[in-house]
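Participant: Here it is: the structure, laid out below.
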Amino acid sequence: MEELVLIDGNYWLFSSYYATAAMGNLMVNKDGIPTNAVFGFANRLENVIKKNPKGIMVAFDAKGKTFRSDLLEEYKGTRKETPEELKCQFEIVREFLDAHQIPYCELEGYEGDDIIGTLATQGSKQGYQVNIMTGDKDMMQLVDEHIHVYKRNTKTKTDDVITPKTFYEKYELQPDQMRDLLGLMGDSADNIPGIPGVGEKTALKLLHEYQTIENLKDHCSEIKGKMGEKIRENIELGIQSKQIATILKDIPLDVTLDDCHYVGYDFDKLKDFYQKYDMNSLLKKISMESKAPKQTELHYEVVTKMPSITQASCILGAIYDQNYHKSIVLGYALYNKEQAFYISFEDALNDQDFLNYLKDEKYSKYSYNIKAQILSARWNGIDIKGMNFDLQLASYILNPSLKDEMKSICDYYDYDSVQYEEEVFGKLAKKHIPEIDLLARHTVSKAKAIYDLKDEAIQRLKDEEQFDLYQNLELPVTYILADMEYVGAKIDIHVLKEMEMDFEQQIKQIEEDIYMLADKEFNISSPKQLGEVLFERLGLPNGKKTKTGYSTSQDILEKIEGLHPIIPLIQKYRMLTKLSSTYVKGLQEQVFADGKIHTIYNQALTQTGRLSSIEPNLQNIPVRQEEGKLIRKAFIPSHDYLVTFDYSQIELRILAHLAGVQSLIEAFNQDKDIHTHTAALVFKVKDEEVTANMRRQAKAVNFGIIYGMGEFKLSQQIGVSLKEAKEFIRRYFEEYPEIKVYMDQIVEDCKNTGYVSTVLNRKRYIPTINDKNFMVREQARRFAMNSPIQGSGADILKLAMMKVNQLMKDKHLKSEMILQVHDELIFDVYKDELDEMMKLIKSAMVEAFQMDVPLKVDGAYASNWYDLK
């Protein structure tokens with residue numbers, strides 16, 4: 001029997017959204033668009049498609065009132081407002097279904113349930129096995145021998161299959177009697193009242209005796225006591241409730257059963273969809289299934305000794321693990337227009353001629369992620385020099401939203417002779433070193449791709465006027481970062497161990513205090529148990545109960561922190577356990593045998609050109625709480641001092657320059673306190689009359705305006721009414737009219753070109769700037785306003801790194817640049833070079849880029865990172 005699958009689209013989206021949103025994981029794409037509901041929806045659909053149904057159709061509720069609303073004004077009246085982060089995903093899921101060539105339907109005046117009821121009835125009559133995917137119990141009224149309901153079980157996370165047999169086993173009723181059951185007991189999810197006082201147990205008892213509400217009405221005089229009175233008083237409400245709960249089976253539809261036949265997805269459309277919304281695991285899946293790489297003829301040889309190499313070639317090491325500081329290198333591929341070889345790492349180590357070639361700078365070498373190639377080799381005893389083309393960096397500049405994997409990069413150039421890494425190596429527990437033939441072919445094919453794509457990438461960079469950004473900024477910076485990572489940051493492990501013991505004692509004491517206040521022991525780290533203690537046992541307000549329990553998120557705790565002494569303790573407990581596990585213990589695990597931490601800087605990840613740090617993330621060590629700052633005490637010099645220089649208000653200075661804000665430019669040139677200056681203008685007082693609160697509000701707007709902050713966010717941040725915040729922003733733009741003109745113009749230009757750019761022509765593409773969804777457009781507007789500023793800051797810091805590095809080389813200094821944290825550079829400095837380094841770093845950073853306002857840096861030195869204040 002052929003299968004027809006009918007999907008309750010609203011239920012799938014809502015349940016997929018809350019499955020992750022409840023844990024604070026909204027999942028957004030590179031443009032900040034929420035995608036968690038659609039991702040969950042897509043994964044569920046994949047499981048449906050695996051079973052090869054004949055037909056699939058998705059039903060949605062149409063906007064506006066239905067006939068049920070006319071029957072009962074309060075129908076669905078208790079439902080919460082749909083979160084903004086979910087609203088926009090209803091349009092996105094339709095894009096997904098279009099790419100999958102799956103029909104979806106909604107009909108004004110009716111619900112998705114009625115669409116499903118109508119098609120299920122038609123399908124059953126035509127001999128289909130109809131399977132309905134939902135979480136709503138009212139759908140069970142449709143069940144018959146050919147219609148089954150797959151009802152989501154929120155506890156087991158699987159589907160309970162409802163058939164006539166299983167329905168009877170549960171209720172001792174026929175499926176159609178579900179309407180009567182709901183009519184009697186009501187349905188809180190849809191605000192269907194039912195008969196007051198009648199719960200499921202009583203309703204079942206009545207139906208077992210009277211079968212229907214109508215028959216109950218005819219015999220309600222027989223029922224004695226208070227229950228009889230309630231039934232007689234409210235029987236018409238019960239009949240009305242049954243009518244509301246009844247799913248229609250004959251509504252007028254344009255969609256036919258033939259339209260529901262599943263013909264498979266449109267590969268190109270679905271690929272574009274997954275790329276647009278960063279659903280890389282699903283993209284990888286369809287690529288591996290539907291568009292296997294062309295097995296083009298590839299001539300190569302596995303050798304134990306490399307032949308003589310006399311021309312520019314691609315050199316690519318097969319690095320096994322992501323952390324190239326720790327990874328083994330399996331071997332090397334070499335490719336040029338005349339040669340294609342693969343050599344194992346062991347054989348490479350024993351091939352002196354090849355080793356000499358690798359470290360000879362006069363031979364040009366091309367690769368992918370040069371930094372990883374250089375460092376993985378260096379850690380394993382091989383020196384590589386002369387790498388002067390990096391396909392990763394070139395492609396990142398052309399399109400910073402590209403996934404950092406060779407296969408994805410090659411797809412960008414419509415070059416499809418490369419496989420995904422997991423196709424060759426497997427993933428997670430199944431990851432393994434493949435057979436030599438497969439490994440060699442895969443590594444050589446990637447080397448060939450780099451060699452073949454080099455000229456095209458360079459030409460595209462030139463066409464986009466970005467070759468200078470690549471050649472004279474990103475490429476030199478990658479060598480600097482390689483040295484920084486290899487040098488590493490020295491750690492005093494004893495400081496971390498002492499902190500670990502201290503934190504454990506504090507955490508234990510806080511636990512005891514919390515148990516005392518709660519008058520019971522429970523798992524404080526369990527949101528479910530904590531929610532029950534706070535909102536049931538202690539009776540605190542603002543408890544929002546979901547299917548998984550009460551929310552105990554930070555914003556909820558902040559609303560009630562002054563109402564009970566247990567709340568500050570819980571907040572401190574969370575803070576200390578996070579610091580202890582992630583940083584105090586986590587950093588100890590990352591210390592190498594040399595007593596240092598060697599982080600990895602991602603140079604091709606962010607949309608704005610800023611560097612990010614992983615394994616461990618040294619840019620994210622908390623500094624807002626004193627306990628977090630203390631972690632920095634463990635970072636000490638290998639030589640004599642740590643030196644830091646940090647750009648002061650660089651993004652505001654860039655804004656003043658880009659927007660030509662005369663008042664700000666003059667204030668910066670006079671070295672005024674810019675927040676005091678802004679407050680004086682907005683509040684129309686003299687600088688000396690500005691209060692601390694005025695300055696605080698001005699600071700919030702100065703920084704907030706860079707990120708496109710609106711009046712609502714500002715009102716929350718500075719604690720004023722929406723009207724006051726709106727007036728504050730109006731006065732701000734009145735004093736700095738150039739900012740408003742600049743922001744409006746940058747958004748308008750982005751709408752026309754699809755991108756914004758920095759002072760060095762780094763481009764960020766923002767295709768969603770013209771999206772039909774308001775929320776998505778607003779997010780894009782904020783990106784358009786902020787990216788040129790933040791990206792220009794990243795460009796300037798990289799220029800400063802290059803300038804400092806070159807001056808240190810020119811002066812033959814032995815001190816070392818070891819860390820970059822946002823707008824800050826940190827150095828490990830010898831005592832006898834301290835004075836010279838302080839002057840050199842300051843001058844280099846101040847002179848890195850010329851603007852209408854001066855760049856300003858603050859510098860300091862100390863014996864650990866914590867004391868660098």
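To be explicit about the labels: the chains of the structure tokens are called A, B, and onward in the order shown, and within each one the residues are counted from 1, while ligands get numbers from 1 in the order they are shown.
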As an MDAnalysis selection string, which residues of segment 104-187 of chain A does DSSP assign to helix (DSSP H, G or I)?

Facilitator: chainID A and resid 112:125 137:142 164:171 175:185

Participant: Would you please give, as number ranges by chain, all residues of segment 95-209 of chain A that DSSP assigns to strand (DSSP E or B) based on the backbone?

Facilitator: A: 104-105, 129-134, 144, 147-153, 158-162, 187, 192

Participant: Would you save the residues of that selection, restricted to C-alpha atoms, as a CSV table (one decimal), in the first residue's frame?

Facilitator:
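Output file result_29.csv follows:
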chain,number,residue,atom,x,y,z
A,104,TYR,CA,2.2,23.1,1.5
A,105,CYS,CA,-1.2,24.4,2.0
A,129,GLN,CA,-1.9,4.4,3.9
A,130,VAL,CA,-2.2,7.9,5.4
A,131,ASN,CA,0.2,8.8,8.2
A,132,ILE,CA,-0.3,12.1,10.0
A,133,MET,CA,2.6,13.7,11.7
A,134,THR,CA,1.5,15.8,14.6
A,144,ASP,CA,-9.2,4.5,10.9
A,147,ILE,CA,-5.3,6.6,8.6
A,148,HIS,CA,-2.7,6.4,11.4
A,149,VAL,CA,-1.5,9.3,13.6
A,150,TYR,CA,2.2,9.6,14.5
A,151,LYS,CA,1.9,11.6,17.7
A,152,ARG,CA,5.1,13.1,19.1
A,153,ASN,CA,5.9,11.8,22.6
A,158,THR,CA,9.8,9.4,19.4
A,159,ASP,CA,6.4,9.0,17.7
A,160,ASP,CA,3.6,7.0,19.3
A,161,VAL,CA,1.7,5.4,16.4
A,162,ILE,CA,-2.1,5.7,17.0
A,187,ASP,CA,-8.6,21.2,25.6
A,192,ILE,CA,-11.8,24.8,24.4

Participant: Could you pull the residues within 8 Å of Lys497 of chain A, counting only C-alpha atoms, minus those fewer than 4 positions along the same chain, as a list in words?

Facilitator: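 The residues that qualify are Ile493, Met501 and Val584 of chain A.
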
Participant: Find the residues near segment 55-65 of chain A: any atom within 8 Å, counting only C-alpha atoms, skip ones fewer than 5 places away on the same chain, and give them as an mmCIF file with N, CA and C atoms, in the first residue's frame.

Facilitator:
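Heads up, here's the output in result.cif:
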data_model
loop_
_atom_site.group_PDB
_atom_site.id
_atom_site.type_symbol
_atom_site.label_atom_id
_atom_site.label_comp_id
_atom_site.auth_asym_id
_atom_site.auth_seq_id
_atom_site.Cartn_x
_atom_site.Cartn_y
_atom_site.Cartn_z
ATOM 1 N N GLU A 3 2.162 5.032 0.624
ATOM 2 C CA GLU A 3 2.046 5.866 1.824
ATOM 3 C C GLU A 3 1.898 7.342 1.473
ATOM 4 N N LEU A 4 0.969 7.992 2.126
ATOM 5 C CA LEU A 4 0.798 9.446 2.030
ATOM 6 C C LEU A 4 1.068 10.031 3.411
ATOM 7 N N VAL A 5 2.037 10.941 3.498
ATOM 8 C CA VAL A 5 2.401 11.563 4.774
ATOM 9 C C VAL A 5 1.866 12.993 4.810
ATOM 10 N N LEU A 6 1.085 13.294 5.820
ATOM 11 C CA LEU A 6 0.528 14.638 6.011
ATOM 12 C C LEU A 6 1.130 15.217 7.287
ATOM 13 N N ILE A 7 1.737 16.374 7.164
ATOM 14 C CA ILE A 7 2.516 16.948 8.267
ATOM 15 C C ILE A 7 1.827 18.192 8.819
ATOM 16 N N ASP A 8 1.687 18.227 10.118
ATOM 17 C CA ASP A 8 1.164 19.398 10.821
ATOM 18 C C ASP A 8 2.314 20.404 10.922
ATOM 19 N N GLY A 9 2.388 21.311 9.949
ATOM 20 C CA GLY A 9 3.529 22.231 9.832
ATOM 21 C C GLY A 9 3.708 23.132 11.037
ATOM 22 N N ASN A 10 2.590 23.658 11.562
ATOM 23 C CA ASN A 10 2.685 24.531 12.733
ATOM 24 C C ASN A 10 3.269 23.791 13.925
ATOM 25 N N ASP A 70 -15.502 32.111 15.373
ATOM 26 C CA ASP A 70 -16.876 32.642 15.361
ATOM 27 C C ASP A 70 -17.739 31.909 16.372
ATOM 28 N N ILE A 102 7.970 19.995 -2.210
ATOM 29 C CA ILE A 102 6.895 19.428 -1.393
ATOM 30 C C ILE A 102 5.792 20.476 -1.264
ATOM 31 N N PRO A 103 4.562 20.141 -1.623
ATOM 32 C CA PRO A 103 3.489 21.139 -1.530
ATOM 33 C C PRO A 103 3.137 21.453 -0.080
ATOM 34 N N TYR A 104 2.734 22.687 0.161
ATOM 35 C CA TYR A 104 2.216 23.084 1.470
ATOM 36 C C TYR A 104 0.948 23.875 1.230
ATOM 37 N N CYS A 105 0.094 23.860 2.213
ATOM 38 C CA CYS A 105 -1.228 24.434 1.998
ATOM 39 C C CYS A 105 -1.719 25.144 3.247
ATOM 40 N N GLU A 106 -2.386 26.252 3.050
ATOM 41 C CA GLU A 106 -3.116 26.942 4.112
ATOM 42 C C GLU A 106 -4.345 27.564 3.463
ATOM 43 N N LEU A 107 -5.419 27.658 4.201
ATOM 44 C CA LEU A 107 -6.670 28.135 3.616
ATOM 45 C C LEU A 107 -7.367 29.069 4.591
ATOM 46 N N GLU A 108 -7.631 30.266 4.121
ATOM 47 C CA GLU A 108 -8.249 31.282 4.973
ATOM 48 C C GLU A 108 -9.592 30.782 5.511
ATOM 49 N N GLY A 109 -9.793 30.971 6.806
ATOM 50 C CA GLY A 109 -11.036 30.558 7.446
ATOM 51 C C GLY A 109 -10.999 29.156 8.023
ATOM 52 N N TYR A 110 -9.908 28.429 7.706
ATOM 53 C CA TYR A 110 -9.774 27.052 8.204
ATOM 54 C C TYR A 110 -8.409 26.870 8.839
ATOM 55 N N GLU A 111 -8.256 25.751 9.527
ATOM 56 C CA GLU A 111 -6.974 25.430 10.146
ATOM 57 C C GLU A 111 -6.263 24.340 9.360
ATOM 58 N N GLY A 112 -4.980 24.179 9.665
ATOM 59 C CA GLY A 112 -4.205 23.114 9.032
ATOM 60 C C GLY A 112 -4.823 21.750 9.315
ATOM 61 N N ASP A 113 -5.434 21.588 10.500
ATOM 62 C CA ASP A 113 -6.086 20.320 10.845
ATOM 63 C C ASP A 113 -7.174 19.956 9.827
ATOM 64 N N ILE A 115 -7.311 20.898 6.687
ATOM 65 C CA ILE A 115 -6.645 20.510 5.433
ATOM 66 C C ILE A 115 -6.210 19.051 5.521
ATOM 67 N N ILE A 116 -5.597 18.710 6.647
ATOM 68 C CA ILE A 116 -5.153 17.330 6.852
ATOM 69 C C ILE A 116 -6.350 16.382 6.888
ATOM 70 N N LEU A 257 -4.427 14.994 -4.384
ATOM 71 C CA LEU A 257 -3.516 13.925 -3.977
ATOM 72 C C LEU A 257 -2.379 13.763 -4.979
ATOM 73 N N CYS A 260 0.535 15.902 -4.312
ATOM 74 C CA CYS A 260 1.336 15.522 -3.146
ATOM 75 C C CYS A 260 2.415 14.494 -3.472
ATOM 76 N N HIS A 261 2.411 13.948 -4.669
ATOM 77 C CA HIS A 261 3.411 12.930 -5.021
ATOM 78 C C HIS A 261 4.811 13.515 -4.900
ATOM 79 N N TYR A 262 5.659 12.830 -4.142
ATOM 80 C CA TYR A 262 7.013 13.357 -3.911
ATOM 81 C C TYR A 262 7.934 12.969 -5.060
#

Participant: Figure out the distance between atom CA of Ile370 of chain A and atom CA of Ser613 of chain A, please, to one decimal in Å.

Facilitator: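 The value is 16.8 Å.
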
Participant: Taking only C-alpha atoms into account, name the residue in A:Val776, A:Leu334, A:Leu557, A:Val853 that is nearest to Pro34 of chain A.

Facilitator: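 Checking each of A:Val776, A:Leu334, A:Leu557, A:Val853 against Pro34 of chain A, counting only C-alpha atoms, the winner is A:Val776.
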
Participant: Give me, please, the distance in Å between atom CA of Asp744 of chain A and atom CA of Glu91 of chain A, quoted to one decimal.

Facilitator: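 Those two atoms sit 26.9 Å apart.
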
Participant: Just to confirm, what's the straight-line distance from atom CA of Glu836 of chain A to atom CA of Ala862 of chain A in Å (one decimal)?

Facilitator: 15.6 Å

Participant: Can you list every residue of segment 62-130 of chain A that has an atom at most 12 Å from segment 754-774 of chain A, with its nearest atom pair and the distance in Å to one decimal, using only C-alpha atoms, ordered by chain then number, as CSV?

Facilitator:
residue,atom,partner,partner_atom,distance
A:Glu84,CA,A:Phe774,CA,10.0
A:Glu85,CA,A:Asn773,CA,11.3
A:Leu86,CA,A:Asn773,CA,11.7
A:Lys87,CA,A:Asn773,CA,9.2
A:Cys88,CA,A:Asn773,CA,6.4
A:Gln89,CA,A:Asn773,CA,9.4
A:Phe90,CA,A:Asn773,CA,10.0
A:Glu91,CA,A:Asn773,CA,7.8
A:Ile92,CA,A:Asn773,CA,9.5

Participant: Pick from A:Glu615, A:Glu297, A:Glu824, A:Glu738: nearest to Asp646 of chain A, with only C-alpha atoms counted?

Facilitator: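 Using only C-alpha atoms, the shortest distance to Asp646 of chain A belongs to A:Glu824.
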
Participant: Which residues come within 10 Å of segment 410-420 of chain A, counting only C-alpha atoms, excluding same-chain residues fewer than 3 positions away, as a PDB file with C-alpha atoms, in the first residue's frame?

Facilitator:
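Ended up saving to result_16.pdb:
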ATOM      1  CA  LYS A 284      27.011  17.888   3.231  1.00  0.00           C
ATOM      2  CA  LYS A 285      24.457  15.092   3.280  1.00  0.00           C
ATOM      3  CA  SER A 287      26.106  16.673  -1.655  1.00  0.00           C
ATOM      4  CA  MET A 288      27.390  13.244  -0.673  1.00  0.00           C
ATOM      5  CA  LYS A 291      26.144  14.892  -6.367  1.00  0.00           C
ATOM      6  CA  ALA A 292      29.139  12.702  -5.758  1.00  0.00           C
ATOM      7  CA  PRO A 293      32.393  14.254  -6.963  1.00  0.00           C
ATOM      8  CA  LYS A 294      33.346  13.500 -10.526  1.00  0.00           C
ATOM      9  CA  GLN A 295      35.863  10.691 -10.554  1.00  0.00           C
ATOM     10  CA  THR A 296      37.951  12.528 -13.100  1.00  0.00           C
ATOM     11  CA  GLU A 297      41.120  10.910 -14.270  1.00  0.00           C
ATOM     12  CA  LEU A 298      43.845  11.857 -11.823  1.00  0.00           C
ATOM     13  CA  LEU A 391      43.326  29.524  -1.336  1.00  0.00           C
ATOM     14  CA  SER A 395      38.373  32.784  -0.959  1.00  0.00           C
ATOM     15  CA  ASN A 399      33.171  35.754   0.269  1.00  0.00           C
ATOM     16  CA  LEU A 402      32.038  30.534   2.860  1.00  0.00           C
ATOM     17  CA  LYS A 403      32.314  27.400   4.973  1.00  0.00           C
ATOM     18  CA  GLU A 405      36.293  23.369   4.097  1.00  0.00           C
ATOM     19  CA  MET A 406      37.995  22.592   0.800  1.00  0.00           C
ATOM     20  CA  LYS A 407      34.872  21.005  -0.695  1.00  0.00           C
ATOM     21  CA  GLU A 423      33.667  11.009   3.189  1.00  0.00           C
ATOM     22  CA  VAL A 424      37.320  10.010   3.376  1.00  0.00           C
ATOM     23  CA  PHE A 425      38.048  10.054   7.111  1.00  0.00           C
ATOM     24  CA  GLY A 426      34.603   9.456   8.636  1.00  0.00           C
ATOM     25  CA  ARG A 441      44.066  10.378  -4.057  1.00  0.00           C
ATOM     26  CA  HIS A 442      42.074  12.683  -1.759  1.00  0.00           C
ATOM     27  CA  THR A 443      45.101  14.779  -0.752  1.00  0.00           C
ATOM     28  CA  VAL A 444      46.435  15.041  -4.313  1.00  0.00           C
ATOM     29  CA  SER A 445      42.970  15.979  -5.631  1.00  0.00           C
ATOM     30  CA  LYS A 446      42.854  18.854  -3.125  1.00  0.00           C
ATOM     31  CA  ALA A 447      46.367  19.949  -4.088  1.00  0.00           C
ATOM     32  CA  LYS A 448      45.332  19.906  -7.748  1.00  0.00           C
ATOM     33  CA  ALA A 449      42.246  22.000  -6.914  1.00  0.00           C
ATOM     34  CA  ILE A 450      44.405  24.630  -5.193  1.00  0.00           C
ATOM     35  CA  ASP A 452      43.954  24.894 -10.694  1.00  0.00           C
ATOM     36  CA  LEU A 453      42.008  27.582  -8.828  1.00  0.00           C
ATOM     37  CA  GLU A 456      40.971  32.341 -10.952  1.00  0.00           C
ATOM     38  CA  ALA A 457      40.965  33.356  -7.290  1.00  0.00           C
TER      39      ALA A 457
END

Participant: What lies within 10 Å of Met808 of chain A using only C-alpha atoms, ignoring chain neighbours under 3 positions off, as a PyMOL selection string?

Facilitator: chain A and resi 802-805+811-817+836-837+840-841

Participant: When you look at Tyr736 of chain A with a cut-off of 9 Å (counting only C-alpha atoms), what residues show up, excluding the ones that are within fewer than 3 positions of it in the same chain? I need them as a list in words.

Facilitator: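 After dropping sequence-adjacent residues, the list is Val661, Gln662, Ser663, Leu664, Arg731, Tyr732, Phe733, Ile739 and Lys740 of chain A.
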